[in-house]
$ cat upload_7.cif   # mmCIF, C-alpha atoms
data_final
#
loop_
_atom_site.label_atom_id
_atom_site.label_comp_id
_atom_site.auth_asym_id
_atom_site.auth_seq_id
_atom_site.Cartn_x
_atom_site.Cartn_y
_atom_site.Cartn_z
CA MET A 105 0.00 0.00 0.00
CA ASP A 106 1.25 3.47 -0.87
CA PHE A 107 1.56 6.12 1.79
CA THR A 108 3.02 9.59 2.15
CA ILE A 109 4.85 11.22 5.04
CA ARG A 110 4.12 14.88 5.69
CA ASN A 111 3.97 17.49 8.41
CA ALA A 112 0.80 17.21 10.44
CA LYS A 113 -1.92 19.80 10.13
CA LYS A 114 -4.33 20.89 12.82
CA GLU A 115 -7.07 19.01 10.97
CA ASP A 116 -5.13 15.75 11.46
CA MET A 117 -5.34 15.89 15.24
CA PRO A 118 -8.53 13.78 15.60
CA GLN A 119 -6.78 10.93 13.76
CA VAL A 120 -3.57 11.56 15.73
CA LEU A 121 -5.53 11.27 18.99
CA HIS A 122 -7.09 8.04 17.73
CA LEU A 123 -3.60 6.57 17.16
CA ILE A 124 -2.45 7.77 20.60
CA ASN A 125 -5.40 5.91 22.14
CA GLU A 126 -4.62 2.84 20.01
CA LEU A 127 -1.06 2.86 21.39
CA ALA A 128 -2.37 3.15 24.96
CA VAL A 129 -4.49 0.03 24.44
CA PHE A 130 -1.49 -1.81 22.92
CA GLU A 131 0.65 -0.83 25.92
CA LYS A 132 -2.06 -2.11 28.31
CA GLU A 133 -2.89 1.41 29.59
CA PRO A 134 -6.24 2.07 27.88
CA ASP A 135 -7.33 4.70 30.41
CA ALA A 136 -4.01 6.55 30.70
CA VAL A 137 -4.49 9.09 27.89
CA GLU A 138 -5.44 12.46 29.35
CA VAL A 139 -4.50 14.68 26.40
CA THR A 140 -7.52 16.01 24.54
CA LEU A 141 -8.12 17.01 20.96
CA GLU A 142 -8.16 20.63 22.11
CA ASP A 143 -4.78 20.13 23.83
CA LEU A 144 -3.23 18.74 20.65
CA GLU A 145 -4.67 21.51 18.50
CA ASN A 146 -3.63 24.29 20.89
CA ASP A 147 -0.23 22.88 21.84
CA GLY A 148 0.91 21.80 18.40
CA PHE A 149 -0.03 24.82 16.34
CA GLY A 150 0.28 28.56 16.70
CA THR A 151 3.15 30.91 17.40
CA GLN A 152 5.06 28.65 19.82
CA PRO A 153 4.17 25.01 19.17
CA ALA A 154 5.15 22.59 21.93
CA PHE A 155 5.74 19.75 19.44
CA HIS A 156 6.21 18.90 15.80
CA CYS A 157 4.30 15.98 14.33
CA PHE A 158 4.80 13.99 11.16
CA VAL A 159 1.95 11.87 9.83
CA ALA A 160 1.91 8.90 7.50
CA GLU A 161 -1.17 8.99 5.33
CA ALA A 162 -2.64 6.14 3.28
CA ASP A 163 -5.92 6.45 1.38
CA LYS A 164 -6.50 9.89 2.94
CA LYS A 165 -6.32 8.41 6.45
CA VAL A 166 -3.59 9.05 9.02
CA GLU A 167 -2.16 5.60 9.77
CA GLY A 168 1.01 6.61 11.57
CA ILE A 169 2.61 9.48 13.48
CA ALA A 170 5.95 10.57 14.86
CA LEU A 171 5.71 13.34 17.46
CA VAL A 172 8.90 15.17 18.50
CA TYR A 173 9.88 18.18 20.58
CA ASN A 174 13.04 20.14 21.40
CA ARG A 175 15.19 19.37 24.43
CA TYR A 176 18.58 20.48 25.62
CA SER A 177 21.34 18.25 26.97
CA THR A 178 23.86 19.69 29.41
CA TRP A 179 26.41 17.30 27.88
CA LYS A 180 25.54 17.53 24.18
CA GLY A 181 23.53 20.68 23.53
CA LYS A 182 20.48 20.68 21.23
CA ILE A 183 18.61 17.39 21.03
CA ILE A 184 15.10 16.33 20.11
CA HIS A 185 12.88 13.86 21.88
CA LEU A 186 10.74 11.42 19.91
CA GLU A 187 7.73 11.13 22.19
CA ASP A 188 5.92 8.53 20.12
CA LEU A 189 6.25 6.73 16.83
CA ILE A 190 2.93 5.00 16.23
CA VAL A 191 1.82 2.91 13.27
CA SER A 192 -1.72 1.55 13.18
CA GLN A 193 -1.86 -2.18 13.66
CA ASN A 194 -3.13 -2.81 10.11
CA MET A 195 -0.11 -0.95 8.64
CA ARG A 196 2.67 -2.59 10.65
CA GLY A 197 5.21 -4.25 8.38
CA SER A 198 4.46 -1.84 5.51
CA GLY A 199 7.62 0.24 5.92
CA MET A 200 5.66 3.08 7.46
CA GLY A 201 7.56 2.98 10.77
CA THR A 202 10.88 3.18 8.92
CA ALA A 203 9.63 6.07 6.79
CA LEU A 204 8.49 7.97 9.89
CA LEU A 205 11.77 7.35 11.71
CA ASP A 206 13.66 8.44 8.57
CA GLU A 207 11.73 11.71 8.63
CA VAL A 208 12.51 12.29 12.30
CA VAL A 209 16.22 11.68 11.73
CA LYS A 210 16.27 14.03 8.71
CA TYR A 211 14.42 16.64 10.79
CA GLY A 212 16.92 16.33 13.63
CA HIS A 213 19.87 16.48 11.24
CA LYS A 214 18.48 19.62 9.59
CA LYS A 215 18.06 21.24 13.03
CA GLY A 216 21.66 20.36 13.88
CA VAL A 217 20.84 18.29 16.94
CA LYS A 218 23.49 16.21 18.67
CA ARG A 219 21.13 13.42 19.69
CA ILE A 220 17.62 12.07 19.26
CA ASN A 221 16.14 10.45 22.39
CA TRP A 222 13.14 8.23 22.95
CA GLU A 223 11.93 5.43 25.18
CA VAL A 224 10.62 1.98 24.34
CA ILE A 225 8.71 -0.23 26.76
CA ASP A 226 10.88 -3.16 27.84
CA TRP A 227 8.52 -5.93 26.69
CA ASN A 228 8.06 -4.58 23.16
CA GLU A 229 10.77 -6.75 21.63
CA PRO A 230 9.71 -6.09 18.00
CA ALA A 231 10.14 -2.33 18.54
CA ILE A 232 13.46 -2.83 20.34
CA ALA A 233 14.74 -5.01 17.49
CA PHE A 234 13.53 -2.43 14.95
CA TYR A 235 15.35 0.42 16.69
CA GLU A 236 18.54 -1.57 17.17
CA LYS A 237 18.49 -2.59 13.50
CA LYS A 238 18.36 1.12 12.65
CA GLY A 239 21.48 1.75 14.75
CA ALA A 240 19.86 3.06 17.93
CA ASN A 241 21.41 2.26 21.30
CA VAL A 242 18.73 0.82 23.60
CA MET A 243 20.15 1.70 27.01
CA ARG A 244 18.73 -0.94 29.31
CA ASP A 245 20.78 0.26 32.26
CA TRP A 246 18.91 3.59 32.51
CA ASP A 247 15.57 3.97 34.25
CA VAL A 248 12.92 6.50 33.28
CA VAL A 249 12.05 8.84 36.16
CA GLN A 250 8.79 10.78 36.26
CA LEU A 251 6.69 12.88 38.57
CA ASP A 252 3.05 12.67 37.51
CA GLU A 253 0.54 15.44 38.21
CA THR A 254 -0.38 14.08 41.64
CA ALA A 255 3.27 13.63 42.60
CA ILE A 256 4.01 17.21 41.50
CA LYS A 257 1.19 18.52 43.69
CA ASN A 258 2.42 16.41 46.62
CA TYR A 259 5.97 17.62 46.11
CA ILE A 260 4.84 21.27 46.08
CA SER A 261 2.69 20.80 49.19
CA ASN A 262 5.68 19.29 50.98
CA LEU A 263 7.78 22.35 50.13
CA ASN A 264 5.46 24.49 52.23
CA ASN A 265 6.02 22.40 55.35
#

$ encode --input "upload_7.cif" --output "structure tokens"
Amino acid sequence: MDFTIRNAKKEDMPQVLHLINELAVFEKEPDAVEVTLEDLENDGFGTQPAFHCFVAEADKKVEGIALVYNRYSTWKGKIIHLEDLIVSQNMRGSGMGTALLDEVVKYGHKKGVKRINWEVIDWNEPAIAFYEKKGANVMRDWDVVQLDETAIKNYISNLNN
């Protein structure tokens, strides 16, 4: 099946949100998505977008996305973070994931970044193999650290004590 990779438009965000929800189900977290369509539209477009999104389109339907944003490394300088690379289940194996990753790498190269970061869940062996085949270093000795919204609020409340 033929597909094209392009920059996302605001009008693509309903299909982007659908793919985000599809990924959440795949990763066994079906109720974890809090981002809304309005969030995606407001945060991704305008004078200071929080992210850049590429879409893979087949038959006028968004079947894949790669969403990135700028970061800064104290060791390396400018980097980008690939938040998610998602390909709909019916398009896996079509080359769409490679095409999206290619676009992200070209984007990062054009921006002059020193590194592109992303995470992969430890049980997703097909994704890990895919990334390693592309030359990525899957750093299994690093742990992801997060404060969620509740933890942030708790942290702040503890500062006042």

$ atom_distance --input "upload_7.cif" --atom1 "atom CA of A:Val159" --atom2 "atom CA of A:Ser192"
11.5 Å

$ residues_around --input "upload_7.cif" --residues "stretch 131-134 of chain A" --least-positions-apart "3" --cutoff "12 Å" --atoms "only C-alpha atoms" --output "list in words"
His122, Leu123, Ile124, Asn125, Glu126, Leu127, Ala128, Val137, Glu138, Ile190, Val224, Ile225, Asp226, Trp227 and Asn228 of chain A

$ atom_distance --input "upload_7.cif" --atom1 "atom CA of A:Ala154" --atom2 "atom CA of A:Thr254"
22.2 Å

$ atom_distance --input "upload_7.cif" --atom1 "atom CA of A:Ile169" --atom2 "atom CA of A:Thr108"
11.3 Å

$ residues_around --input "upload_7.cif" --residues "A:Phe107" --least-positions-apart "4" --cutoff "8 Å" --atoms "all atoms listed in the file" --output "number ranges by chain"
A: 160-163, 200
